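Dropping my_file_13.txt in here (compact mmCIF, C-alpha atoms):
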```txt
# COMPACT_ATOMS: atom_id res chain seq x y z
CA MET A 1 4.10 13.15 -34.60
CA ALA A 2 0.87 11.40 -33.56
CA LYS A 3 2.49 8.05 -34.37
CA GLN A 4 5.48 8.89 -32.19
CA GLU A 5 3.21 10.01 -29.33
CA ARG A 6 1.28 6.72 -29.52
CA ALA A 7 4.56 4.83 -29.37
CA ILE A 8 5.64 6.78 -26.28
CA ARG A 9 2.30 6.12 -24.59
CA THR A 10 2.56 2.43 -25.40
CA ARG A 11 6.10 2.19 -24.06
CA ASN A 12 5.15 3.99 -20.85
CA ALA A 13 2.10 1.77 -20.39
CA LEU A 14 4.28 -1.33 -20.75
CA VAL A 15 6.77 -0.03 -18.18
CA GLU A 16 3.96 0.73 -15.73
CA SER A 17 2.35 -2.66 -16.33
CA ALA A 18 5.63 -4.53 -15.96
CA ALA A 19 6.47 -2.66 -12.76
CA ALA A 20 3.10 -3.51 -11.22
CA LEU A 21 3.46 -7.19 -12.05
CA PHE A 22 7.14 -7.42 -11.08
CA ASP A 23 6.20 -5.78 -7.78
CA ARG A 24 3.22 -8.07 -7.19
CA ASP A 25 4.41 -11.39 -8.58
CA GLY A 26 8.18 -11.09 -8.94
CA PHE A 27 10.34 -10.89 -12.05
CA GLU A 28 10.47 -14.63 -12.68
CA VAL A 29 6.72 -15.20 -12.38
CA ALA A 30 5.48 -12.20 -14.36
CA SER A 31 5.02 -13.14 -18.01
CA LEU A 32 5.28 -10.94 -21.07
CA ALA A 33 1.80 -12.03 -22.12
CA THR A 34 0.33 -10.86 -18.82
CA ILE A 35 2.27 -7.62 -18.97
CA SER A 36 1.04 -6.79 -22.47
CA ALA A 37 -2.54 -7.73 -21.59
CA ARG A 38 -2.49 -5.55 -18.49
CA ALA A 39 -1.12 -2.64 -20.52
CA GLY A 40 -3.86 -3.11 -23.11
CA VAL A 41 -1.49 -3.63 -26.05
CA SER A 42 -0.65 -6.55 -28.30
CA SER A 43 2.30 -8.86 -27.77
CA GLY A 44 3.69 -7.56 -31.08
CA ALA A 45 3.71 -4.04 -29.66
CA LEU A 46 5.52 -5.26 -26.56
CA HIS A 47 8.22 -7.05 -28.54
CA PHE A 48 8.64 -4.04 -30.79
CA HIS A 49 9.60 -1.91 -27.79
CA PHE A 50 11.20 -4.58 -25.59
CA PRO A 51 12.65 -7.71 -27.26
CA SER A 52 13.09 -9.43 -23.88
CA LYS A 53 11.80 -9.33 -20.33
CA ALA A 54 15.27 -8.33 -19.13
CA GLU A 55 15.18 -5.22 -21.33
CA LEU A 56 11.74 -4.39 -19.98
CA ALA A 57 13.10 -4.76 -16.43
CA ASP A 58 15.96 -2.42 -17.34
CA ALA A 59 13.40 0.15 -18.48
CA VAL A 60 11.56 -0.16 -15.16
CA VAL A 61 14.81 0.44 -13.25
CA ALA A 62 15.61 3.43 -15.46
CA ALA A 63 12.15 4.93 -14.89
CA ALA A 64 12.49 4.41 -11.15
CA GLY A 65 15.92 6.03 -11.28
CA GLU A 66 14.42 9.11 -12.91
CA ARG A 67 11.89 9.33 -10.10
CA LEU A 68 14.64 8.97 -7.51
CA VAL A 69 16.50 11.84 -9.18
CA ARG A 70 13.41 14.01 -8.80
CA ILE A 71 13.08 13.02 -5.15
CA THR A 72 16.70 13.97 -4.47
CA ARG A 73 16.53 17.24 -6.41
CA GLU A 74 18.05 20.46 -5.13
CA ARG A 75 15.75 22.44 -2.84
CA GLU A 76 15.80 25.90 -1.33
CA ALA A 77 16.22 24.61 2.21
CA LEU A 78 18.89 23.74 4.74
CA PRO A 79 20.55 20.46 3.76
CA LEU A 80 19.03 18.52 6.67
CA GLN A 81 15.55 19.80 5.79
CA THR A 82 16.21 18.70 2.23
CA LEU A 83 17.04 15.27 3.61
CA ILE A 84 13.87 15.18 5.72
CA ASP A 85 11.71 16.24 2.79
CA ALA A 86 13.31 13.73 0.42
CA SER A 87 12.92 10.90 2.92
CA HIS A 88 9.19 11.62 3.14
CA GLU A 89 8.93 11.71 -0.67
CA LEU A 90 10.82 8.43 -0.95
CA VAL A 91 8.63 6.66 1.59
CA GLU A 92 5.48 8.05 -0.05
CA GLY A 93 6.79 6.91 -3.43
CA LEU A 94 7.46 3.42 -2.13
CA ARG A 95 3.89 3.35 -0.80
CA SER A 96 2.10 4.60 -3.89
CA ASP A 97 4.35 4.00 -6.90
CA ALA A 98 4.88 0.46 -8.19
CA VAL A 99 7.58 1.66 -10.60
CA LEU A 100 9.68 2.98 -7.72
CA ARG A 101 9.14 -0.17 -5.65
CA ALA A 102 9.96 -2.49 -8.54
CA GLY A 103 12.95 -0.39 -9.56
CA PHE A 104 14.47 -0.62 -6.11
CA ALA A 105 13.94 -4.39 -6.05
CA LEU A 106 15.20 -5.04 -9.59
CA GLY A 107 18.12 -2.66 -9.39
CA SER A 108 19.41 -3.62 -5.96
CA ALA A 109 22.44 -5.79 -5.37
CA ASN A 110 20.08 -8.68 -4.67
CA GLY A 111 17.71 -7.77 -7.47
CA THR A 112 16.16 -10.23 -9.87
CA THR A 113 17.86 -9.32 -13.12
CA GLY A 114 21.21 -8.29 -11.69
CA ARG A 115 22.58 -7.04 -15.03
CA THR A 116 21.49 -4.78 -17.81
CA THR A 117 21.11 -6.01 -21.36
CA ALA A 118 24.50 -4.46 -22.16
CA GLY A 119 26.12 -6.70 -19.56
CA ALA A 120 26.90 -3.91 -17.09
CA PRO A 121 25.60 -4.09 -13.51
CA ALA A 122 22.02 -2.87 -13.20
CA ALA A 123 21.61 0.47 -11.45
CA ASP A 124 21.46 -0.07 -7.71
CA LEU A 125 18.96 2.52 -6.55
CA ARG A 126 19.64 1.74 -2.90
CA ARG A 127 23.29 2.60 -3.39
CA LEU A 128 22.36 5.81 -5.21
CA TRP A 129 20.06 6.78 -2.34
CA CYS A 130 22.73 6.00 0.25
CA ALA A 131 25.34 8.01 -1.63
CA TRP A 132 22.98 10.97 -1.85
CA VAL A 133 22.16 10.84 1.87
CA GLU A 134 25.88 10.71 2.63
CA SER A 135 26.56 13.78 0.47
CA VAL A 136 23.74 15.82 2.04
CA VAL A 137 24.77 14.96 5.60
CA ALA A 138 28.41 15.76 4.78
CA ARG A 139 27.30 19.16 3.52
CA ALA A 140 25.34 19.73 6.74
CA GLU A 141 28.45 18.85 8.73
CA ARG A 142 30.57 21.30 6.71
CA GLU A 143 28.01 24.02 7.36
CA GLY A 144 28.15 23.36 11.10
CA LEU A 145 24.56 22.11 11.37
CA LEU A 146 25.33 18.90 13.24
CA ALA A 147 25.69 18.79 17.01
CA PRO A 148 29.38 18.84 18.09
CA ASP A 149 29.36 15.24 19.32
CA VAL A 150 27.58 13.82 16.25
CA THR A 151 29.40 12.65 13.11
CA ALA A 152 28.17 12.59 9.55
CA GLU A 153 28.82 8.83 9.41
CA GLU A 154 26.50 8.23 12.38
CA VAL A 155 23.69 10.29 10.89
CA THR A 156 24.05 8.72 7.44
CA ALA A 157 24.00 5.17 8.83
CA THR A 158 20.94 5.92 10.98
CA VAL A 159 18.93 7.57 8.21
CA VAL A 160 19.75 4.88 5.65
CA ALA A 161 18.93 2.08 8.10
CA VAL A 162 15.60 3.60 9.11
CA ALA A 163 14.57 4.24 5.48
CA ALA A 164 15.41 0.63 4.61
CA GLY A 165 13.50 -0.57 7.64
CA HIS A 166 10.40 1.40 6.72
CA ALA A 167 10.57 0.03 3.17
CA ALA A 168 10.93 -3.56 4.38
CA LEU A 169 8.15 -3.27 6.97
CA GLY A 170 5.93 -1.43 4.50
CA HIS A 171 6.09 -4.40 2.13
CA HIS A 172 3.91 -6.29 4.59
CA ASP A 173 2.18 -3.42 6.40
CA PRO A 174 1.61 -0.25 4.30
CA SER A 175 1.05 1.84 7.43
CA TRP A 176 4.85 1.93 7.83
CA LEU A 177 4.97 3.91 4.58
CA GLU A 178 2.69 6.66 5.83
CA ARG A 179 3.94 10.06 6.99
CA ALA A 180 3.38 9.59 10.73
CA PRO A 181 5.97 6.85 11.47
CA LEU A 182 8.73 8.72 9.63
CA THR A 183 7.74 11.98 11.31
CA ARG A 184 8.12 10.28 14.70
CA PHE A 185 11.60 9.12 13.70
CA TRP A 186 12.72 12.62 12.73
CA THR A 187 11.12 14.10 15.86
CA LEU A 188 13.24 11.73 17.96
CA LEU A 189 16.42 12.12 15.92
CA LEU A 190 16.54 15.88 15.38
CA PRO A 191 17.40 16.95 18.95
CA ARG A 192 20.29 14.49 19.02
CA MET A 193 21.40 15.32 15.47
CA VAL A 194 21.40 19.12 15.62
CA GLY A 195 21.04 19.93 19.32
CA ALA A 196 17.97 21.19 21.15
CA ALA A 197 18.64 24.83 20.27
CA ARG A 198 18.35 24.19 16.53
CA VAL A 199 15.39 21.82 16.45
CA GLY A 200 13.05 24.69 15.61
CA LEU A 201 14.84 25.22 12.29
CA PHE A 202 13.45 21.96 10.93
CA VAL A 203 10.04 20.44 10.17
CA ALA A 204 10.01 16.74 11.07
CA SER A 205 6.90 16.06 9.01
CA GLY A 206 8.52 17.42 5.86
CA ASP A 207 8.08 20.78 4.20
CA GLY A 208 5.83 20.26 1.21
CA ALA A 209 6.99 16.64 0.87
CA GLY A 210 5.18 14.31 -1.50
CA SER A 211 5.75 13.65 -5.14
CA GLY A 212 2.28 14.70 -6.30
CA ASP A 213 1.75 14.04 -9.98
CA GLU A 214 5.40 14.38 -10.84
CA GLY A 215 6.98 11.26 -12.25
CA GLN A 216 3.76 9.35 -12.70
CA GLY A 217 3.57 7.23 -15.78
CA GLU A 218 1.31 7.61 -18.74
CA GLY A 219 -2.02 5.92 -19.06
CA PRO A 220 -2.67 2.63 -20.85
CA GLY A 221 -1.07 2.29 -24.24
CA GLU A 222 -2.77 2.45 -27.56
CA ASP A 223 -1.27 0.83 -30.62
CA ALA A 224 2.48 1.11 -30.86
CA GLY A 225 2.48 2.02 -34.52
CA GLU A 226 5.88 1.64 -36.10
CA ASP A 227 5.47 -2.04 -36.95
CA GLY A 228 4.65 -2.73 -33.34
CA GLY A 229 1.22 -4.20 -33.88
CA GLU A 230 -2.14 -2.88 -32.84
CA GLY A 231 -3.18 -2.35 -29.24
CA GLU A 232 -5.76 -4.70 -27.83
CA GLY A 233 -7.79 -1.80 -26.52
CA GLY A 234 -9.29 -3.61 -23.56
CA PRO A 235 -9.61 -2.16 -20.08
CA VAL A 236 -6.44 -2.01 -18.05
CA GLU A 237 -6.48 -4.17 -14.97
CA ARG A 238 -5.43 -2.40 -11.76
CA SER A 239 -3.84 -4.32 -8.97
```
Would it be possible to restate this file's structure as structure tokens?
Amino acid sequence: MAKQERAIRTRNALVESAAALFDRDGFEVASLATISARAGVSSGALHFHFPSKAELADAVVAAAGERLVRITREREALPLQTLIDASHELVEGLRSDAVLRAGFALGSANGTTGRTTAGAPAADLRRLWCAWVESVVARAEREGLLAPDVTAEEVTATVVAVAAGHAALGHHDPSWLERAPLTRFWTLLLPRMVGAARVGLFVASGDGAGSGDEGQGEGPGEDAGEDGGEGEGGPVERS
């Protein structure tokens, strides 16, 4: 059991390290040697878990996908409040979580790897997010929460565009990924989206938004065990 736990820690450390370097340097530039050194494990341990950089990138996308699933989880709230809360969690995740940032970049239609090791298209997290937003807004429309002269298509397009804009701007200026800019957006949009009489039903700043510790990766890896080679044991560099 201890051997298996060490292997899991090592794998998680490699995913975290790869995500940080893919995010900082790009998929093509980041090397497996640098990834293993940053994770504090040997190159043998890396190759035991991930025979190629493409497979490591797939693991980063998969980990980011799991975090996106948590962000878009069911909540005990009106569907539009769920959307507001999730948008705040997503923006916070893109600010603080290199795995989520790298996963969106690697798994997008214009991502670096473009395909999984099995030859199927890599998961496009942007498309998954867009589809989820569309489903939540459609539910709000069915429940009569949208203003009479507002369509679900208009709301979906606006929310998706603004989230993408915050992500793009935040790449160069992290202040765009703070709570205040997104709160201002929702404060402006809500009266138009639901009508002035219903604005009080919603909290533009998010209701308990923020991912907290959920979905964060494990610490630096030890040895992989299982023929993977011994960990190098050095301090883990933080970017």
Report, in Å with one decimal, the straight-line distance from CA of Ala98 in chain A to CA of Val203 in chain A.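 Interatomic distance, CA of Ala98 in chain A to CA of Val203 in chain A: 27.6 Å.
Interatomic distance, CA of Ala37 in chain A to CA of Ala63 in chain A: 20.5 Å.
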Choose the residue, out of A:Ala102, A:Ala7, A:Val137, A:Leu80, that has the smallest atom-to-atom separation from Gly65 in chain A; count all atoms listed in the file.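 Looking at the shortest contact to Gly65 in chain A, the residue is A:Ala102.
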Taking 2 positions as the minimum chain separation for residues in the same chain, which residues sit within 8 Å of Glu92 in chain A when counting only C-alpha atoms? Answer as a PyMOL selection string. chain A and resi 88-90+94-96+177-179+210-211
So, counting all atoms listed in the file, which residue among A:Thr156, A:Ser17, A:Gln81, A:Thr10 is closest to Gly44 in chain A? A:Thr10
Which one of A:Val69, A:Val15, A:Ala167, A:Ala64 sits closest to Asp97 in chain A if you count all atoms listed in the file?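 Under the stated criterion, the closest residue is A:Ala64.
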For Ala147 in chain A, the nearest of the candidates A:Leu189, A:Leu100, A:Leu182, A:Cys130, counting only C-alpha atoms: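 For Ala147 in chain A, the nearest of the given residues is A:Leu189.
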Figure out the distance between CA of Glu66 in chain A and CA of Leu32 in chain A, please, to one decimal in Å. 23.5 Å
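The shortest atom-to-atom distance to Leu146 in chain A, with all atoms listed in the file taken into account, belongs to A:Val194 out of A:Ala180, A:Leu68, A:Val194, A:Leu106.
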